[in-house]
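A.B. asks: What follows is entry26.pdb, made up of PDB, C-alpha atoms:
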ATOM      1  CA  MET U 169     -81.659   9.313-131.404
ATOM      2  CA  LEU U 170     -80.463  12.860-130.667
ATOM      3  CA  LEU U 171     -82.815  14.272-133.301
ATOM      4  CA  LYS U 172     -85.719  12.374-131.777
ATOM      5  CA  SER U 173     -84.916  13.788-128.361
ATOM      6  CA  PHE U 174     -84.784  17.346-129.702
ATOM      7  CA  LEU U 175     -88.127  16.911-131.462
ATOM      8  CA  LEU U 176     -89.754  15.509-128.338
ATOM      9  CA  LEU U 177     -88.417  18.415-126.305
ATOM     10  CA  GLY U 178     -89.750  20.785-128.947
ATOM     11  CA  VAL U 179     -93.230  19.298-128.765
ATOM     12  CA  PHE U 180     -93.118  19.510-124.980
ATOM     13  CA  ALA U 181     -91.961  23.132-125.054
ATOM     14  CA  VAL U 182     -94.634  24.176-127.540
ATOM     15  CA  ALA U 183     -97.343  22.368-125.605
ATOM     16  CA  CYS U 184     -96.281  24.021-122.353
ATOM     17  CA  HIS U 185     -96.160  27.390-124.053
ATOM     18  CA  GLY U 186     -99.817  27.028-124.941
ATOM     19  CA  GLN U 187    -100.973  26.428-121.365
ATOM     20  CA  SER U 188    -101.648  30.014-120.272
ATOM     21  CA  LYS U 189    -103.658  30.466-117.071
ATOM     22  CA  VAL U 190    -105.562  33.310-115.426
ATOM     23  CA  ALA U 191    -107.125  33.860-111.999
ATOM     24  CA  VAL U 192    -110.861  34.604-112.074
ATOM     25  CA  PHE U 193    -112.911  35.692-109.059
ATOM     26  CA  VAL U 194    -116.687  35.196-109.256
ATOM     27  CA  TYR U 195    -118.744  37.157-106.708
ATOM     28  CA  TYR U 196    -122.254  35.707-106.439
ATOM     29  CA  GLU U 197    -125.259  34.934-104.190
ATOM     30  CA  SER U 198    -126.795  31.547-103.421
ATOM     31  CA  LEU U 199    -130.418  32.491-104.256
ATOM     32  CA  CYS U 200    -129.840  35.088-106.963
ATOM     33  CA  PRO U 201    -131.486  34.081-110.296
ATOM     34  CA  ASP U 202    -128.840  35.967-112.299
ATOM     35  CA  SER U 203    -126.070  34.223-110.356
ATOM     36  CA  ALA U 204    -127.701  30.850-110.984
ATOM     37  CA  ARG U 205    -128.011  31.528-114.700
ATOM     38  CA  PHE U 206    -124.399  32.588-114.940
ATOM     39  CA  VAL U 207    -123.054  29.613-112.957
ATOM     40  CA  ASN U 208    -125.214  26.989-114.681
ATOM     41  CA  ASP U 209    -125.156  28.278-118.259
ATOM     42  CA  GLN U 210    -121.728  29.906-118.542
ATOM     43  CA  LEU U 211    -119.261  29.419-115.705
ATOM     44  CA  TYR U 212    -119.747  25.677-115.268
ATOM     45  CA  PRO U 213    -119.420  24.537-118.913
ATOM     46  CA  VAL U 214    -116.593  26.996-119.658
ATOM     47  CA  ALA U 215    -114.661  26.043-116.515
ATOM     48  CA  LYS U 216    -114.916  22.374-117.495
ATOM     49  CA  THR U 217    -113.614  23.082-121.001
ATOM     50  CA  PHE U 218    -110.823  25.431-119.871
ATOM     51  CA  LYS U 219    -109.799  23.541-116.744
ATOM     52  CA  LYS U 220    -106.073  23.975-117.456
ATOM     53  CA  ASN U 221    -106.424  27.689-118.171
ATOM     54  CA  LEU U 222    -108.598  28.827-115.279
ATOM     55  CA  GLU U 223    -107.729  29.407-111.626
ATOM     56  CA  LEU U 224    -111.239  29.836-110.250
ATOM     57  CA  HIS U 225    -112.070  31.591-106.968
ATOM     58  CA  LEU U 226    -115.717  31.456-105.869
ATOM     59  CA  VAL U 227    -116.863  34.261-103.534
ATOM     60  CA  PRO U 228    -120.404  33.597-102.165
ATOM     61  CA  PHE U 229    -121.482  36.917-100.641
ATOM     62  CA  GLY U 230    -122.705  39.356-103.294
ATOM     63  CA  LYS U 231    -124.683  42.365-102.067
ATOM     64  CA  SER U 232    -124.912  41.072 -98.517
ATOM     65  CA  SER U 233    -123.675  43.044 -95.523
ATOM     66  CA  TYR U 234    -122.746  42.186 -91.951
ATOM     67  CA  VAL U 235    -122.259  43.699 -88.503
ATOM     68  CA  THR U 236    -120.417  42.171 -85.579
ATOM     69  CA  GLN U 237    -121.948  41.954 -82.120
ATOM     70  CA  GLY U 238    -119.288  40.658 -79.779
ATOM     71  CA  SER U 239    -118.332  37.236 -81.114
ATOM     72  CA  ASP U 240    -121.469  37.035 -83.275
ATOM     73  CA  VAL U 241    -121.737  38.089 -86.919
ATOM     74  CA  ILE U 242    -125.176  39.251 -88.112
ATOM     75  CA  PHE U 243    -125.764  39.115 -91.867
ATOM     76  CA  THR U 244    -128.316  40.888 -94.034
ATOM     77  CA  CYS U 245    -128.641  39.288 -97.460
ATOM     78  CA  HIS U 246    -129.975  40.492-100.802
ATOM     79  CA  HIS U 247    -132.637  37.764-101.043
ATOM     80  CA  GLY U 248    -133.442  37.342 -97.367
ATOM     81  CA  GLU U 249    -132.435  35.151 -94.463
ATOM     82  CA  ASN U 250    -132.529  31.904 -96.450
ATOM     83  CA  GLU U 251    -129.875  33.301 -98.753
ATOM     84  CA  CYS U 252    -127.625  34.027 -95.772
ATOM     85  CA  TYR U 253    -127.858  30.337 -94.879
ATOM     86  CA  GLY U 254    -127.259  29.347 -98.508
ATOM     87  CA  ASN U 255    -124.199  31.582 -98.711
ATOM     88  CA  LYS U 256    -122.842  29.845 -95.605
ATOM     89  CA  VAL U 257    -123.413  26.433 -97.207
ATOM     90  CA  HIS U 258    -121.393  27.567-100.230
ATOM     91  CA  ALA U 259    -118.632  28.985 -98.039
ATOM     92  CA  CYS U 260    -118.485  25.781 -95.993
ATOM     93  CA  ALA U 261    -118.488  23.607 -99.115
ATOM     94  CA  ILE U 262    -115.509  25.482-100.548
ATOM     95  CA  GLU U 263    -113.749  24.968 -97.207
ATOM     96  CA  HIS U 264    -114.617  21.325 -96.491
ATOM     97  CA  ILE U 265    -114.900  19.458 -99.787
ATOM     98  CA  LYS U 266    -111.953  17.113-100.278
ATOM     99  CA  ASP U 267    -110.689  14.808-103.012
ATOM    100  CA  ASN U 268    -112.577  11.529-103.235
ATOM    101  CA  SER U 269    -110.322   8.461-103.149
ATOM    102  CA  TYR U 270    -112.902   6.606-105.277
ATOM    103  CA  GLN U 271    -112.583   9.252-108.000
ATOM    104  CA  PRO U 272    -108.809   9.828-108.317
ATOM    105  CA  ASN U 273    -109.189  11.742-111.580
ATOM    106  CA  ILE U 274    -111.534  14.315-110.043
ATOM    107  CA  SER U 275    -109.898  17.073-107.996
ATOM    108  CA  LYS U 276    -111.240  19.021-105.020
ATOM    109  CA  GLU U 277    -111.766  21.943-107.409
ATOM    110  CA  ASP U 278    -113.793  19.734-109.771
ATOM    111  CA  LEU U 279    -115.991  18.443-106.959
ATOM    112  CA  THR U 280    -116.510  21.919-105.527
ATOM    113  CA  LEU U 281    -117.572  23.315-108.898
ATOM    114  CA  ASP U 282    -119.901  20.343-109.517
ATOM    115  CA  TYR U 283    -121.461  20.842-106.090
ATOM    116  CA  VAL U 284    -121.874  24.623-106.450
ATOM    117  CA  ASN U 285    -123.398  24.142-109.894
ATOM    118  CA  CYS U 286    -125.952  21.722-108.417
ATOM    119  CA  LEU U 287    -126.715  24.007-105.452
ATOM    120  CA  MET U 288    -127.358  26.972-107.732
ATOM    121  CA  HIS U 289    -129.691  24.945-109.955
ATOM    122  CA  ARG U 290    -131.598  23.183-107.178
ATOM    123  CA  ALA U 291    -132.019  26.282-105.011
ATOM    124  CA  GLN U 292    -133.837  28.049-107.849
ATOM    125  CA  LEU U 293    -136.436  25.270-107.977
ATOM    126  CA  LYS U 294    -137.640  26.239-104.482
ATOM    127  CA  ASP U 295    -138.883  22.706-103.833
ATOM    128  CA  GLY U 296    -138.139  22.407-100.135
ATOM    129  CA  ALA U 297    -135.118  22.648 -97.874
ATOM    130  CA  PHE U 298    -131.851  24.046 -99.150
ATOM    131  CA  PRO U 299    -130.334  21.209-101.271
ATOM    132  CA  THR U 300    -127.194  20.671 -99.161
ATOM    133  CA  LYS U 301    -127.526  16.889 -98.918
ATOM    134  CA  ARG U 302    -129.450  16.349-102.149
ATOM    135  CA  CYS U 303    -126.625  17.860-104.197
ATOM    136  CA  ALA U 304    -124.027  16.017-102.124
ATOM    137  CA  ASP U 305    -125.742  12.764-103.081
ATOM    138  CA  GLU U 306    -125.966  13.749-106.751
ATOM    139  CA  VAL U 307    -122.346  14.855-107.049
ATOM    140  CA  LYS U 308    -121.044  12.182-104.629
ATOM    141  CA  ILE U 309    -119.656  14.545-101.995
ATOM    142  CA  ASP U 310    -118.723  12.699 -98.796
ATOM    143  CA  GLN U 311    -118.478  15.791 -96.586
ATOM    144  CA  TRP U 312    -122.138  16.892 -96.581
ATOM    145  CA  GLN U 313    -122.470  16.489 -92.783
ATOM    146  CA  ALA U 314    -119.363  18.599 -92.195
ATOM    147  CA  ILE U 315    -120.779  21.223 -94.559
ATOM    148  CA  MET U 316    -124.127  21.294 -92.723
ATOM    149  CA  ASP U 317    -122.477  21.437 -89.292
ATOM    150  CA  CYS U 318    -120.282  24.276 -90.509
ATOM    151  CA  ALA U 319    -123.202  26.241 -91.999
ATOM    152  CA  ASN U 320    -125.087  26.011 -88.694
ATOM    153  CA  SER U 321    -122.177  27.116 -86.531
ATOM    154  CA  THR U 322    -119.891  30.084 -85.924
ATOM    155  CA  GLU U 323    -117.458  28.537 -88.422
ATOM    156  CA  GLY U 324    -119.895  29.216 -91.258
ATOM    157  CA  SER U 325    -120.396  32.788 -90.068
ATOM    158  CA  GLN U 326    -116.664  33.432 -89.906
ATOM    159  CA  LEU U 327    -116.091  31.958 -93.375
ATOM    160  CA  LEU U 328    -118.904  34.064 -94.835
ATOM    161  CA  LYS U 329    -117.523  37.165 -93.095
ATOM    162  CA  GLN U 330    -114.166  36.504 -94.790
ATOM    163  CA  TYR U 331    -115.886  36.337 -98.173
ATOM    164  CA  GLY U 332    -117.657  39.574 -97.292
ATOM    165  CA  ASP U 333    -114.298  41.224 -96.659
ATOM    166  CA  VAL U 334    -112.976  39.926 -99.995
ATOM    167  CA  THR U 335    -116.073  41.297-101.750
ATOM    168  CA  ASN U 336    -115.909  44.678-100.043
ATOM    169  CA  LYS U 337    -112.240  44.975-100.935
ATOM    170  CA  LEU U 338    -113.137  44.650-104.612
ATOM    171  CA  GLN U 339    -116.101  47.036-104.565
ATOM    172  CA  LEU U 340    -118.191  48.578-101.801
ATOM    173  CA  PRO U 341    -121.029  48.283-102.403
ATOM    174  CA  LEU U 342    -120.954  45.642-105.128
ATOM    175  CA  LYS U 343    -122.630  47.107-108.233
ATOM    176  CA  SER U 344    -124.072  43.923-109.692
ATOM    177  CA  VAL U 345    -124.406  40.207-109.057
ATOM    178  CA  PRO U 346    -122.753  38.177-110.367
ATOM    179  CA  THR U 347    -119.539  40.171-110.689
ATOM    180  CA  VAL U 348    -116.585  38.649-112.529
ATOM    181  CA  ALA U 349    -113.101  40.018-111.863
ATOM    182  CA  PHE U 350    -110.013  38.803-113.693
ATOM    183  CA  LYS U 351    -106.917  38.828-111.478
ATOM    184  CA  GLN U 352    -109.142  40.240-108.700
ATOM    185  CA  THR U 353    -109.434  43.565-110.548
ATOM    186  CA  TYR U 354    -112.790  45.037-111.556
ATOM    187  CA  ASP U 355    -113.202  46.282-115.122
ATOM    188  CA  ASP U 356    -116.523  47.550-116.525
ATOM    189  CA  GLU U 357    -115.979  46.261-120.074
ATOM    190  CA  LEU U 358    -114.810  42.829-118.929
ATOM    191  CA  GLN U 359    -117.753  42.609-116.527
ATOM    192  CA  LYS U 360    -120.233  43.223-119.349
ATOM    193  CA  LEU U 361    -118.453  40.785-121.642
ATOM    194  CA  SER U 362    -118.215  38.120-118.928
ATOM    195  CA  VAL U 363    -121.958  38.201-118.254
ATOM    196  CA  GLU U 364    -122.728  38.064-121.989
ATOM    197  CA  SER U 365    -120.081  35.470-122.888
ATOM    198  CA  PHE U 366    -117.749  34.250-120.171
ATOM    199  CA  ARG U 367    -115.884  32.094-122.688
ATOM    200  CA  HIS U 368    -115.119  35.138-124.821
ATOM    201  CA  ALA U 369    -113.964  37.154-121.792
ATOM    202  CA  LEU U 370    -111.730  34.312-120.620
ATOM    203  CA  CYS U 371    -110.123  33.865-124.029
ATOM    204  CA  LYS U 372    -109.490  37.605-124.192
ATOM    205  CA  ASN U 373    -107.418  37.271-121.024
ATOM    206  CA  LEU U 374    -105.383  34.242-122.095
ATOM    207  CA  SER U 375    -102.082  34.737-123.902
ATOM    208  CA  PRO U 376    -101.262  32.676-125.813
ATOM    209  CA  GLN U 377    -104.824  31.558-126.420
ATOM    210  CA  PRO U 378    -105.503  27.801-126.223
ATOM    211  CA  MET U 379    -107.030  25.822-129.094
ATOM    212  CA  GLU U 380    -110.480  26.042-127.449
ATOM    213  CA  CYS U 381    -110.574  29.764-128.324
ATOM    214  CA  LEU U 382    -110.004  29.210-132.047
ATOM    215  CA  ASP U 383    -113.620  29.509-133.193
ATOM    216  CA  LEU U 384    -114.267  32.816-131.411
ATOM    217  CA  PRO U 385    -114.388  36.044-133.484
ATOM    218  CA  GLY U 386    -111.108  37.912-133.213
ATOM    219  CA  SER U 387    -109.176  34.975-131.770
ATOM    220  CA  ALA U 388    -105.404  35.316-131.972
ATOM    221  CA  SER U 389    -103.928  34.169-135.262
ATOM    222  CA  GLY U 390    -101.012  32.810-133.304
ATOM    223  CA  VAL U 391    -103.221  29.993-132.105
ATOM    224  CA  THR U 392    -103.457  28.634-135.650
ATOM    225  CA  TYR U 393     -99.702  28.770-135.948
ATOM    226  CA  PHE U 394     -99.325  27.033-132.605
ATOM    227  CA  GLY U 395    -101.643  24.238-133.706
ATOM    228  CA  MET U 396     -99.782  23.781-136.995
ATOM    229  CA  VAL U 397     -96.407  23.585-135.222
ATOM    230  CA  VAL U 398     -97.671  20.968-132.787
ATOM    231  CA  THR U 399     -99.256  18.918-135.596
ATOM    232  CA  VAL U 400     -96.116  18.979-137.752
ATOM    233  CA  ALA U 401     -93.890  18.108-134.801
ATOM    234  CA  ILE U 402     -96.082  15.182-133.788
ATOM    235  CA  VAL U 403     -96.133  13.840-137.369
ATOM    236  CA  LEU U 404     -92.337  14.036-137.569
ATOM    237  CA  VAL U 405     -91.849  12.284-134.238
ATOM    238  CA  THR U 406     -94.348   9.571-135.213
ATOM    239  CA  ARG U 407     -92.514   8.881-138.478
ATOM    240  CA  LEU U 408     -89.135   8.726-136.739
ATOM    241  CA  PHE U 409     -90.410   6.184-134.254
TER
END
The structure given in the file should be rewritten as C-alpha cells.

C.D. replies:
Amino acid sequence: MLLKSFLLLGVFAVACHGQSKVAVFVYYESLCPDSARFVNDQLYPVAKTFKKNLELHLVPFGKSSYVTQGSDVIFTCHHGENECYGNKVHACAIEHIKDNSYQPNISKEDLTLDYVNCLMHRAQLKDGAFPTKRCADEVKIDQWQAIMDCANSTEGSQLLKQYGDVTNKLQLPLKSVPTVAFKQTYDDELQKLSVESFRHALCKNLSPQPMECLDLPGSASGVTYFGMVVTVAIVLVTRLF
C-alpha cells in the first residue's frame, strides 16, 4: 500500500511539473484584417490546445489614440469610427462576460475567447451592423445587452481608455498590429515568430514544454523524457492495482 501511495504521488508530481504557464498579452484592433487573421487562424486554435499553459490577456486598442475633454474621452482609431465602437464592444465583452451555469465546463475565459474569435471573423465580412448580438447568439453569451449598453456609454469609453493606457505603456506608438508580448514585455524576435507561428513562440516560452510542443522543430528533449516517466509510472500503478 505504501509503495502504491508513493507511485501515485510520483505521477502527480511529474504531471504538475509539466504544467508550465506563461502570461501573453495580445494587442489588436477590432476591424484590422491582420488582427482578424491572427486571432482566427493562430491565437484561437492554439489557446484552445494550450489552455492550461496560457494566461491570455486581450488588449483591444492597437494604433488608436485618445484625448480627454472634461469627462469625455474622444478616440481616433486606425480603421475609422466604426473600429472605435468595435474596440469598445471587445472591451465591454472582456469586462461583462460571465460563466454560464448551463455550461459548467466552460469558463469565463473560454466564453470570452469564443466571442472575440467570432467578432473578429464576422466583422471582416462587413455584412451589416457590428456582430455584437449575432456572435452572442452563436457562442451562447447571455450578457449581450450589457455589452451593448456598455459600448454605448461612458463605461465603454473608460474601459477602452484603460486598454489604451496599457498599450501605450508597452510601446508608444505601437509599431504593428497585432502585437504579441510575453510577460508584457516586447521583443522583436518573439513578435516576428508569434505572427508567423504563435504555437512555436508559445512553446519557446514554456519550460518545461508540454507534450503538445513535441512535434515542433527544436522542441526540448526533456519533454520526451517527461512523457516516458509518466507512461512508465502509470503502467506500474495500473499493474499494482

A.B. asks: Report, in Å with one decimal, the straight-line distance from atom CA of Ala261 of chain U to atom CA of Val334 of chain U.

C.D. replies: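 Value for the atom CA of Ala261 of chain U-atom CA of Val334 of chain U distance: 17.2 Å.
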
A.B. asks: Quick one: of U:Thr280, U:Gln326, U:Ser188, U:Asn320, who's nearest to Asp240 of chain U, counting all atoms listed in the file?

C.D. replies: U:Gln326

A.B. asks: Within 6 Å of (-118.8, 18.6, -104.8) in the file's own coordinates, which protein, DNA or RNA residues have an atom, counting only C-alpha atoms? List them as a compact mmCIF listing (two decimals) with C-alpha atoms, in the frame of the given file.

C.D. replies:
# COMPACT_ATOMS: atom_id res chain seq x y z
CA LEU U 279 -115.99 18.44 -106.96
CA THR U 280 -116.51 21.92 -105.53
CA ASP U 282 -119.90 20.34 -109.52
CA TYR U 283 -121.46 20.84 -106.09
CA VAL U 307 -122.35 14.86 -107.05
CA ILE U 309 -119.66 14.54 -102.00

A.B. asks: So that I can check the surroundings of Lys351 of chain U, please list as a PyMOL selection string every protein, DNA and RNA residue that reaches within 10 Å of it, counting all atoms listed in the file and ignoring chain neighbours fewer than 5 positions away.

C.D. replies: chain U and resi 190-193+223+225+373

A.B. asks: Can you translate the PyMOL selection byres ((chain U and resi 315) around 10) into the concrete residues it hits in this file, as a list in words?

C.D. replies: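 Evaluating the PyMOL selection byres ((chain U and resi 315) around 10) on this file yields Lys256, Val257, His258, Ala259, Cys260, Ala261, Ile262, Glu263, His264, Ile265, Thr300, Lys301, Ala304, Asp310, Gln311, Trp312, Gln313, Ala314, Met316, Asp317, Cys318, Ala319, Asn320 and Gly324 of chain U.
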
A.B. asks: Write a file of the just-selected residues containing C-alpha atoms, as a PDB file, in the coordinates of the input.

C.D. replies:
ATOM      1  CA  LYS U 256    -122.842  29.845 -95.605  1.00  0.00           C
ATOM      2  CA  VAL U 257    -123.413  26.433 -97.207  1.00  0.00           C
ATOM      3  CA  HIS U 258    -121.393  27.567-100.230  1.00  0.00           C
ATOM      4  CA  ALA U 259    -118.632  28.985 -98.039  1.00  0.00           C
ATOM      5  CA  CYS U 260    -118.485  25.781 -95.993  1.00  0.00           C
ATOM      6  CA  ALA U 261    -118.488  23.607 -99.115  1.00  0.00           C
ATOM      7  CA  ILE U 262    -115.509  25.482-100.548  1.00  0.00           C
ATOM      8  CA  GLU U 263    -113.749  24.968 -97.207  1.00  0.00           C
ATOM      9  CA  HIS U 264    -114.617  21.325 -96.491  1.00  0.00           C
ATOM     10  CA  ILE U 265    -114.900  19.458 -99.787  1.00  0.00           C
ATOM     11  CA  THR U 300    -127.194  20.671 -99.161  1.00  0.00           C
ATOM     12  CA  LYS U 301    -127.526  16.889 -98.918  1.00  0.00           C
ATOM     13  CA  ALA U 304    -124.027  16.017-102.124  1.00  0.00           C
ATOM     14  CA  ASP U 310    -118.723  12.699 -98.796  1.00  0.00           C
ATOM     15  CA  GLN U 311    -118.478  15.791 -96.586  1.00  0.00           C
ATOM     16  CA  TRP U 312    -122.138  16.892 -96.581  1.00  0.00           C
ATOM     17  CA  GLN U 313    -122.470  16.489 -92.783  1.00  0.00           C
ATOM     18  CA  ALA U 314    -119.363  18.599 -92.195  1.00  0.00           C
ATOM     19  CA  MET U 316    -124.127  21.294 -92.723  1.00  0.00           C
ATOM     20  CA  ASP U 317    -122.477  21.437 -89.292  1.00  0.00           C
ATOM     21  CA  CYS U 318    -120.282  24.276 -90.509  1.00  0.00           C
ATOM     22  CA  ALA U 319    -123.202  26.241 -91.999  1.00  0.00           C
ATOM     23  CA  ASN U 320    -125.087  26.011 -88.694  1.00  0.00           C
ATOM     24  CA  GLY U 324    -119.895  29.216 -91.258  1.00  0.00           C
TER      25      GLY U 324
END

A.B. asks: Ranking U:Phe229, U:Tyr195, U:Phe350, U:Phe218 by minimum distance to Arg367 of chain U and counting only C-alpha atoms, which one comes first?

C.D. replies: U:Phe218

A.B. asks: Kindly provide, as lines of an AutoDock Vina configuration file, the centre and edge lengths (Å, one decimal) of an axis-aligned box around all atoms of segment 261-264 of chain U given in the file, with 4 Å on each side.

C.D. replies:
center_x = -116.1
center_y = 23.4
center_z = -98.5
size_x = 12.7
size_y = 12.2
size_z = 12.1

A.B. asks: Rank nothing, just name the residue among U:Gln292, U:Lys189, U:Ala369, U:Val345 nearest to Asn221 of chain U, using only C-alpha atoms.

C.D. replies: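 Nearest to Asn221 of chain U: U:Lys189.
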
A.B. asks: What's the separation between atom CA of Lys216 of chain U and atom CA of Asp278 of chain U, in Å to one decimal place?

C.D. replies: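 Separating atom CA of Lys216 of chain U from atom CA of Asp278 of chain U is a distance of 8.2 Å.
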
A.B. asks: Go through U:Ile242, U:Leu226, U:Leu384, U:Ala297 and flag the residue nearest Ser203 of chain U, using all atoms listed in the file for the distances.

C.D. replies: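 Of U:Ile242, U:Leu226, U:Leu384, U:Ala297, the one nearest Ser203 of chain U is U:Leu226, counting all atoms listed in the file.
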
A.B. asks: Give the answer as one residue: which of U:Asn250, U:Ser239, U:Thr217, U:Ser325 has the shortest atom-to-atom distance to Cys200 of chain U, using only C-alpha atoms?

C.D. replies: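 When distances to Cys200 of chain U are compared using only C-alpha atoms, the smallest one comes from U:Asn250.
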
A.B. asks: Dump as a tab-separated table the rows for residues of segment 189-246 of chain U within 12 Å of segment 359-366 of chain U: closest atom pair and distance in Å with one decimal, all atoms listed in the file counted, ordered by chain and rising residue number.

C.D. replies:
residue	atom	partner	partner_atom	distance
U:Val192	CA	U:Phe366	CA	10.6
U:Phe193	CA	U:Gln359	CA	11.3
U:Val194	CA	U:Ser362	CA	10.2
U:Tyr195	CA	U:Gln359	CA	11.3
U:Asp202	CA	U:Val363	CA	9.4
U:Ser203	CA	U:Val363	CA	9.8
U:Ala204	CA	U:Val363	CA	11.8
U:Arg205	CA	U:Val363	CA	9.7
U:Phe206	CA	U:Val363	CA	7.0
U:Val207	CA	U:Phe366	CA	10.1
U:Asn208	CA	U:Phe366	CA	11.8
U:Asp209	CA	U:Phe366	CA	9.7
U:Gln210	CA	U:Phe366	CA	6.1
U:Leu211	CA	U:Phe366	CA	6.8
U:Tyr212	CA	U:Phe366	CA	10.1
U:Pro213	CA	U:Phe366	CA	9.9
U:Val214	CA	U:Phe366	CA	7.4
U:Ala215	CA	U:Phe366	CA	9.5
U:Thr217	CA	U:Phe366	CA	11.9
U:Phe218	CA	U:Phe366	CA	11.2
U:Leu222	CA	U:Phe366	CA	11.7

A.B. asks: Using only C-alpha atoms, determine which residues lie at most 10 Å from Ala291 of chain U, disregarding the query and same-chain residues fewer than 3 positions distant; provide the list as a list in words.

C.D. replies: Ser198, Leu199, Cys200, Pro201, Ala204, Glu251, Gly254, Cys286, Leu287, Met288, Lys294, Asp295, Gly296, Ala297, Phe298, Pro299 and Thr300 of chain U

A.B. asks: Figure out the distance between atom CA of Leu224 of chain U and atom CA of Ser275 of chain U, please, to one decimal in Å.

C.D. replies: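 Computed distance, atom CA of Ser275 of chain U to atom CA of Leu224 of chain U, equals 13.0 Å.
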
A.B. asks: If the PyMOL selection byres ((chain U and resi 230) around 10) is run on the structure shown, which residues does it catch, given as an MDAnalysis selection string?

C.D. replies: chainID U and resid 194:198 200 203 227:229 231:233 245:246 255 331:332 335:336 341:347
